[in-house]
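Data block for coords_10.tsv (TSV, C-alpha atoms):
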```
chain	number	residue	atom	x	y	z
Y	1	PRO	CA	15.24	-14.15	-5.84
Y	2	GLY	CA	11.97	-15.44	-4.47
Y	3	ALA	CA	9.42	-13.36	-2.60
Y	4	GLY	CA	10.64	-14.50	0.82
Y	5	GLU	CA	14.24	-13.61	0.06
Y	6	ARG	CA	13.20	-10.22	-1.30
Y	7	ARG	CA	11.10	-9.56	1.80
Y	8	ARG	CA	13.89	-10.43	4.22
Y	9	GLY	CA	16.36	-8.17	2.42
Y	10	LEU	CA	13.89	-5.29	2.37
Y	11	ALA	CA	13.00	-5.85	6.01
Y	12	ARG	CA	16.61	-5.55	7.08
Y	13	ARG	CA	16.89	-2.26	5.20
Y	14	ALA	CA	13.62	-1.00	6.65
Y	15	GLY	CA	14.75	-1.88	10.16
Y	16	ALA	CA	17.95	0.07	9.70
Y	17	GLU	CA	15.94	3.08	8.48
Y	18	ALA	CA	13.04	2.75	10.94
Y	19	ARG	CA	13.57	6.17	12.48
Y	20	ARG	CA	13.74	7.93	9.12
Y	21	ILE	CA	10.66	6.05	7.94
Y	22	ALA	CA	8.82	7.18	11.08
Y	23	ASP	CA	9.86	10.78	10.41
Y	24	GLY	CA	8.25	10.55	6.98
Y	25	ASP	CA	11.16	11.80	4.88
Y	26	PHE	CA	12.91	8.55	3.96
Y	27	LEU	CA	11.00	7.94	0.72
Y	28	GLU	CA	11.92	11.43	-0.49
Y	29	THR	CA	15.58	10.45	-0.60
Y	30	PRO	CA	17.31	8.55	-3.44
Y	31	GLU	CA	17.75	5.55	-1.10
Y	32	GLY	CA	14.09	5.70	-0.18
Y	33	GLN	CA	12.97	5.87	-3.79
Y	34	ALA	CA	15.11	2.85	-4.63
Y	35	PHE	CA	13.62	1.07	-1.61
Y	36	SER	CA	10.10	1.86	-2.84
Y	37	VAL	CA	10.86	0.30	-6.23
Y	38	GLU	CA	12.21	-2.83	-4.57
Y	39	PHE	CA	9.18	-2.95	-2.27
Y	40	GLN	CA	6.85	-3.07	-5.26
Y	41	ARG	CA	9.00	-5.76	-6.88
Y	42	TRP	CA	8.66	-7.82	-3.73
Y	43	ILE	CA	4.87	-7.48	-3.81
Y	44	GLN	CA	4.88	-8.44	-7.49
Y	45	ALA	CA	6.97	-11.54	-6.71
Y	46	LEU	CA	4.61	-12.44	-3.85
Y	47	CYS	CA	1.64	-12.12	-6.20
Y	48	GLU	CA	3.31	-14.35	-8.77
Y	49	GLU	CA	4.11	-17.02	-6.20
Y	50	THR	CA	0.69	-17.03	-4.56
Y	51	GLY	CA	-1.56	-16.21	-7.51
Y	52	LEU	CA	-3.17	-13.45	-5.44
Y	53	PRO	CA	-3.87	-9.85	-6.45
Y	54	PRO	CA	-1.69	-7.18	-4.79
Y	55	GLY	CA	-4.23	-6.15	-2.16
Y	56	GLU	CA	-4.63	-9.68	-0.84
Y	57	ALA	CA	-0.96	-10.63	-1.08
Y	58	THR	CA	0.15	-7.46	0.73
Y	59	PHE	CA	-2.03	-8.20	3.76
Y	60	SER	CA	-1.49	-11.96	3.82
Y	61	PRO	CA	0.51	-13.52	6.69
Y	62	ASP	CA	3.59	-13.65	4.45
Y	63	GLY	CA	3.12	-10.02	3.40
Y	64	LEU	CA	3.30	-7.02	5.69
Y	65	TRP	CA	2.77	-9.12	8.83
Y	66	ALA	CA	6.04	-10.96	8.25
Y	67	PHE	CA	7.73	-7.83	6.90
Y	68	PHE	CA	7.06	-5.84	10.07
Y	69	LEU	CA	8.29	-8.64	12.33
Y	70	GLU	CA	11.52	-9.00	10.38
Y	71	ALA	CA	12.07	-5.27	9.94
Y	72	PHE	CA	11.72	-4.41	13.59
Y	73	ALA	CA	13.85	-7.36	14.65
Y	74	SER	CA	16.60	-5.61	12.65
Y	75	ALA	CA	15.97	-2.17	14.12
Y	76	ASP	CA	18.27	-0.45	16.59
Y	77	PRO	CA	17.00	-0.99	19.22
Y	78	PRO	CA	15.00	-4.05	18.12
Y	79	LEU	CA	11.36	-4.69	18.92
Y	80	PRO	CA	11.10	-5.76	22.60
Y	81	ASP	CA	10.50	-9.46	23.16
Y	82	ASP	CA	7.12	-8.97	24.83
Y	83	ALA	CA	5.88	-6.85	21.92
Y	84	ARG	CA	7.18	-9.40	19.41
Y	85	ARG	CA	5.39	-12.24	21.21
Y	86	ALA	CA	2.16	-10.26	21.41
Y	87	PHE	CA	2.32	-9.47	17.70
Y	88	GLU	CA	3.09	-13.11	16.87
Y	89	GLU	CA	-0.01	-14.15	18.81
Y	90	ARG	CA	-2.11	-11.76	16.73
Y	91	LEU	CA	-0.47	-13.10	13.59
Y	92	ALA	CA	-1.29	-16.68	14.60
Y	93	ALA	CA	-4.93	-15.73	15.13
Y	94	PHE	CA	-5.03	-13.94	11.79
Y	95	ARG	CA	-3.41	-16.89	10.03
Y	96	GLY	CA	-6.35	-19.03	11.09
Y	97	GLU	CA	-8.72	-16.48	9.58
Y	98	TRP	CA	-6.57	-16.29	6.46
Y	99	ASP	CA	-6.41	-20.08	6.03
Y	100	ALA	CA	-10.20	-20.32	6.24
Y	101	TYR	CA	-10.52	-17.61	3.61
Y	102	ALA	CA	-7.92	-19.23	1.34
Y	103	ALA	CA	-9.80	-22.54	1.48
Y	104	ALA	CA	-13.10	-20.88	0.55
Y	105	ARG	CA	-11.64	-18.41	-1.96
Y	106	PRO	CA	-11.92	-20.50	-5.17
Y	107	GLY	CA	-15.69	-20.70	-4.76
Y	108	LEU	CA	-16.24	-17.01	-4.08
Y	109	THR	CA	-17.16	-14.27	-6.53
Y	110	PRO	CA	-14.93	-11.17	-6.62
Y	111	MET	CA	-17.44	-9.23	-4.51
Y	112	GLU	CA	-17.65	-12.05	-1.98
Y	113	ARG	CA	-13.86	-12.07	-1.81
Y	114	ALA	CA	-13.90	-8.32	-1.24
Y	115	ARG	CA	-16.35	-8.78	1.63
Y	116	GLU	CA	-14.25	-11.50	3.25
Y	117	THR	CA	-11.02	-9.50	2.95
Y	118	SER	CA	-12.51	-6.20	4.14
Y	119	ASN	CA	-11.10	-6.82	7.63
Y	120	PHE	CA	-7.57	-7.76	6.56
Y	121	TRP	CA	-6.19	-4.22	6.43
Y	122	PRO	CA	-7.66	-3.11	9.80
Y	123	ALA	CA	-6.61	-6.41	11.43
Y	124	LEU	CA	-2.95	-5.61	10.78
Y	125	TYR	CA	-3.30	-1.92	11.57
Y	126	GLU	CA	-4.94	-2.69	14.90
Y	127	ALA	CA	-2.38	-5.37	15.76
Y	128	VAL	CA	0.42	-2.86	15.22
Y	129	GLY	CA	-1.26	-0.26	17.42
Y	130	ASP	CA	-2.10	-2.75	20.16
Y	131	THR	CA	1.26	-4.51	20.46
Y	132	PHE	CA	4.06	-2.23	19.24
Y	133	PRO	CA	5.59	0.49	21.43
Y	134	GLU	CA	6.52	3.87	20.04
Y	135	PRO	CA	8.40	4.63	17.80
Y	136	PHE	CA	7.68	1.28	16.12
Y	137	VAL	CA	4.03	2.25	15.75
Y	138	GLU	CA	5.07	5.49	14.07
Y	139	ALA	CA	7.32	3.67	11.60
Y	140	ALA	CA	4.68	1.05	10.80
Y	141	ARG	CA	1.95	3.62	10.29
Y	142	ALA	CA	4.28	5.69	8.11
Y	143	ALA	CA	4.67	2.56	6.00
Y	144	PHE	CA	0.88	2.28	5.73
Y	145	ASP	CA	0.70	5.90	4.61
Y	146	ASP	CA	3.77	6.18	2.39
Y	147	PHE	CA	4.49	2.81	0.78
Y	148	ASN	CA	1.78	3.04	-1.90
Y	149	LEU	CA	0.03	-0.08	-0.64
Y	150	ALA	CA	-2.66	-1.83	-2.64
Y	151	THR	CA	-5.67	-2.43	-0.41
Y	152	PRO	CA	-7.67	-5.67	-0.54
Y	153	THR	CA	-10.79	-3.85	-1.70
Y	154	GLU	CA	-11.58	-0.99	-4.06
Y	155	SER	CA	-14.29	1.62	-3.70
Y	156	LYS	CA	-16.08	4.25	-5.75
Y	157	TRP	CA	-17.53	7.29	-4.01
Y	158	PHE	CA	-20.53	9.48	-4.84
Y	159	SER	CA	-21.97	12.56	-3.16
Y	160	GLY	CA	-24.94	14.87	-3.57
Y	161	GLN	CA	-28.63	14.93	-2.76
Y	162	ARG	CA	-30.40	11.58	-2.77
Y	163	SER	CA	-31.77	11.89	-6.28
Y	164	GLN	CA	-28.39	13.02	-7.59
Y	165	VAL	CA	-26.55	10.13	-5.98
Y	166	GLN	CA	-29.09	7.66	-7.28
Y	167	GLU	CA	-28.58	9.07	-10.77
Y	168	GLN	CA	-24.78	9.00	-10.43
Y	169	ILE	CA	-24.76	5.37	-9.32
Y	170	SER	CA	-27.22	4.39	-12.04
Y	171	ARG	CA	-25.09	6.05	-14.70
Y	172	SER	CA	-21.93	4.40	-13.39
Y	173	ILE	CA	-23.53	0.96	-13.45
Y	174	SER	CA	-25.02	1.61	-16.87
Y	175	ALA	CA	-21.64	2.63	-18.27
Y	176	ASP	CA	-19.92	-0.39	-16.73
Y	177	LEU	CA	-22.48	-2.81	-18.13
Y	178	GLY	CA	-23.31	-1.07	-21.40
Y	179	LEU	CA	-27.03	-0.78	-20.65
Y	180	ASP	CA	-29.52	0.78	-23.02
Y	181	ASP	CA	-31.83	3.60	-21.89
Y	182	ARG	CA	-34.67	1.25	-20.97
Y	183	ARG	CA	-32.51	-0.88	-18.69
Y	184	GLN	CA	-30.86	2.19	-17.19
Y	185	ALA	CA	-34.29	3.56	-16.28
Y	186	ALA	CA	-35.14	0.24	-14.61
Y	187	LEU	CA	-32.07	0.59	-12.40
Y	188	GLY	CA	-33.63	3.41	-10.36
Y	189	PRO	CA	-35.64	1.31	-7.87
Y	190	LEU	CA	-32.78	-1.19	-7.52
Y	191	VAL	CA	-30.27	1.55	-6.73
Y	192	ASP	CA	-32.71	3.18	-4.31
Y	193	ALA	CA	-33.05	-0.13	-2.43
Y	194	PHE	CA	-29.25	-0.48	-2.39
Y	195	MET	CA	-28.84	3.02	-0.95
Y	196	ARG	CA	-31.32	2.34	1.83
Y	197	ARG	CA	-29.60	-0.94	2.73
Y	198	THR	CA	-26.27	0.88	2.81
Y	199	GLU	CA	-27.70	3.53	5.12
Y	200	GLU	CA	-28.94	0.76	7.42
Y	201	ALA	CA	-25.47	-0.80	7.32
Y	202	ASN	CA	-23.83	2.49	8.25
Y	203	ARG	CA	-26.02	2.80	11.31
Y	204	LEU	CA	-24.51	-0.43	12.65
Y	205	GLY	CA	-21.28	1.46	13.33
Y	206	ILE	CA	-22.77	4.28	15.30
Y	207	ASP	CA	-20.85	3.41	18.50
Y	208	GLY	CA	-17.50	3.54	16.70
Y	209	SER	CA	-16.17	0.28	18.16
Y	210	ARG	CA	-13.94	-2.04	16.16
Y	211	GLU	CA	-16.53	-4.77	16.11
Y	212	SER	CA	-19.22	-2.41	14.88
Y	213	ARG	CA	-16.92	-1.14	12.13
Y	214	ARG	CA	-16.42	-4.73	10.99
Y	215	ARG	CA	-20.17	-5.30	10.99
Y	216	VAL	CA	-20.60	-2.15	8.91
Y	217	ALA	CA	-18.05	-3.27	6.33
Y	218	ARG	CA	-19.66	-6.68	5.89
Y	219	ALA	CA	-23.16	-5.21	5.75
Y	220	GLN	CA	-22.04	-2.72	3.09
Y	221	TYR	CA	-20.78	-5.58	0.96
Y	222	ASP	CA	-23.97	-7.51	1.62
Y	223	ALA	CA	-25.84	-4.52	0.18
Y	224	MET	CA	-23.63	-4.63	-2.92
Y	225	LEU	CA	-24.18	-8.37	-3.31
Y	226	LEU	CA	-27.94	-7.88	-3.12
Y	227	LEU	CA	-27.69	-5.13	-5.74
Y	228	GLN	CA	-25.82	-7.54	-8.01
Y	229	LYS	CA	-28.50	-10.18	-7.56
Y	230	ASP	CA	-31.29	-7.66	-8.14
Y	231	ILE	CA	-29.68	-6.46	-11.37
Y	232	ALA	CA	-29.09	-9.99	-12.63
Y	233	ALA	CA	-32.67	-11.02	-11.83
Y	234	THR	CA	-34.41	-7.90	-13.14
Y	235	LEU	CA	-32.66	-6.43	-16.18
Y	236	SER	CA	-32.58	-9.32	-18.69
Y	237	LEU	CA	-28.84	-9.01	-19.25
Y	238	ASP	CA	-26.99	-10.64	-22.10
Y	239	ALA	CA	-24.18	-13.08	-21.35
Y	240	GLY	CA	-21.45	-10.44	-21.45
Y	241	GLN	CA	-23.33	-8.10	-19.13
Y	242	ALA	CA	-24.16	-10.92	-16.73
Y	243	GLY	CA	-20.47	-11.82	-16.61
Y	244	ARG	CA	-19.51	-8.24	-15.80
Y	245	VAL	CA	-22.03	-8.19	-12.95
Y	246	ARG	CA	-20.55	-11.40	-11.52
Y	247	ASP	CA	-17.06	-9.91	-11.79
Y	248	TRP	CA	-17.86	-6.73	-9.86
Y	249	GLU	CA	-15.56	-6.14	-6.90
Y	250	THR	CA	-15.82	-2.39	-6.27
Y	251	LEU	CA	-17.75	-1.16	-3.24
Y	252	TYR	CA	-20.03	1.82	-3.85
Y	253	GLY	CA	-20.12	4.43	-1.11
Y	254	PHE	CA	-21.93	7.73	-0.94
Y	255	GLN	CA	-22.56	10.82	1.15
Y	256	LEU	CA	-25.96	12.44	1.04
Y	257	LEU	CA	-26.04	16.23	1.16
Y	258	GLU	CA	-29.48	17.22	2.37
```

What is this file in structure tokens?
Amino acid sequence: PGAGERRRGLARRAGAEARRIADGDFLETPEGQAFSVEFQRWIQALCEETGLPPGEATFSPDGLWAFFLEAFASADPPLPDDARRAFEERLAAFRGEWDAYAAARPGLTPMERARETSNFWPALYEAVGDTFPEPFVEAARAAFDDFNLATPTESKWFSGQRSQVQEQISRSISADLGLDDRRQAALGPLVDAFMRRTEEANRLGIDGSRESRRRVARAQYDAMLLLQKDIAATLSLDAGQAGRVRDWETLYGFQLLE
């Protein structure tokens, strides 16, 4: 079966089990474990049909957005009409954002794609919270927590005092790129500049609003993109190393312990 057929069958099953999913114990049962396997097969089929990686396919309009609509239409009781219409309006708005991304995607580097998709997960999560009544919100958020979802972006986390974090990031980059000692030493100022840009980005979200959180996410990726450019321009990389820098897609985050 195709991805759409798989999704519709899974959605009907999820709707029938919405209360158990919300309670958090469904996936511990044999039926739930079988459902989880089929869920991953659906995502795999969606990836094969679209050519997208799991994180992007999962949060595309034909991924969880459509899955939630179909699942809760099958629930007992079903999603109320006003909630369904409100969610469909959010989906229509997101589809416009998605279509613009899909058109630009072939010309983007992996890190640029990660920046552009950084809002896809929160867009769906917020739409669920804003439009669904309880217990539909509980069931949807249990799915976020329990369904082993691939997110559109990956991250790597570091913690310690400033000098320790700088060293950790430098070593990680050096290992990824296969840098010699001289080039690793030259990373220090570049990583320090990246850390300061990231700290500036984090301050954009100080009010905690949704819009500020989106600004933070984009600014964090902008800091990573500038680090990529600095490394490519400064370290005299060979062709293989330069290719690995272009192919980076993991966001570096850190916590400073002063």

>> Residues within 10 Å of Ala86 (chain Y), please, as a ChimeraX atom specification. Count all atoms listed in the file; anything in the same chain fewer than 5 positions from it doesn't count.
In response: /Y:81,91-92,127-128,130-132

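If you measure from each of Y:Glu154, Y:Glu88, Y:Asp238, Y:Glu138 to Pro110 (chain Y) using all atoms listed in the file, the closest one turns out to be Y:Glu154.
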
Edge lengths and centre in Å to one decimal, as JSON, of the axis-aligned box that encloses all listed atoms of region 174-178 of chain Y with 8 Å added on every side?
```
{"center_x": -22.5, "center_y": -0.1, "center_z": -19.1, "size_x": 21.1, "size_y": 21.4, "size_z": 20.7}
```

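Among the candidates Y:Leu52, Y:Leu46, Y:Ala114, Y:Gly129, the residue lying nearest to Phe87 (chain Y) is Y:Gly129 (atoms considered: only C-alpha atoms).
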
>> Can you tell me which residues surround Ser163 (chain Y) at a distance of at most 12 Å, considering all atoms listed in the file, apart from same-chain residues fewer than 6 positions away, and format the answer as a ChimeraX atom specification?
In response: /Y:169-170,188-189,191-192,195,254-258

> Which is closest to Phe94 (chain Y) among Y:Ala66, Y:Ala193, Y:Met111, Y:Val37, if we use all atoms listed in the file?
Replying inline: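 Under the stated criterion, the closest residue is Y:Ala66.
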
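Take CA of Thr109 (chain Y) and CA of Leu227 (chain Y): the distance between them is 14.0 Å.
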
> Using all atoms listed in the file, which residues sit within 10 Å of Asp222 (chain Y) once same-chain residues fewer than 3 positions away are excluded, as a PyMOL selection string?
Replying inline: chain Y and resi 111-112+115+194+197-198+201+216-219+225-228

> Which value, in Å to one decimal, gives the distance between CA of Ala233 (chain Y) and CA of Leu187 (chain Y)?
Replying inline: 11.6 Å

>> Which residues are near region 183-186 of chain Y? Cut-off 9 Å, all atoms listed in the file, ignore same chain within fewer than 3 positions. Put them as a VMD selection string.
In response: chain Y and resid 170 to 171 173 to 174 179 to 180 189 to 190 234 to 237

>> Under the rule that all atoms listed in the file are counted, which of Y:Arg105, Y:Lys229, Y:Arg84, Y:Arg210 is the nearest residue to Ala71 (chain Y)?
In response: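 Using all atoms listed in the file, Ala71 (chain Y) sits closest to Y:Arg84.
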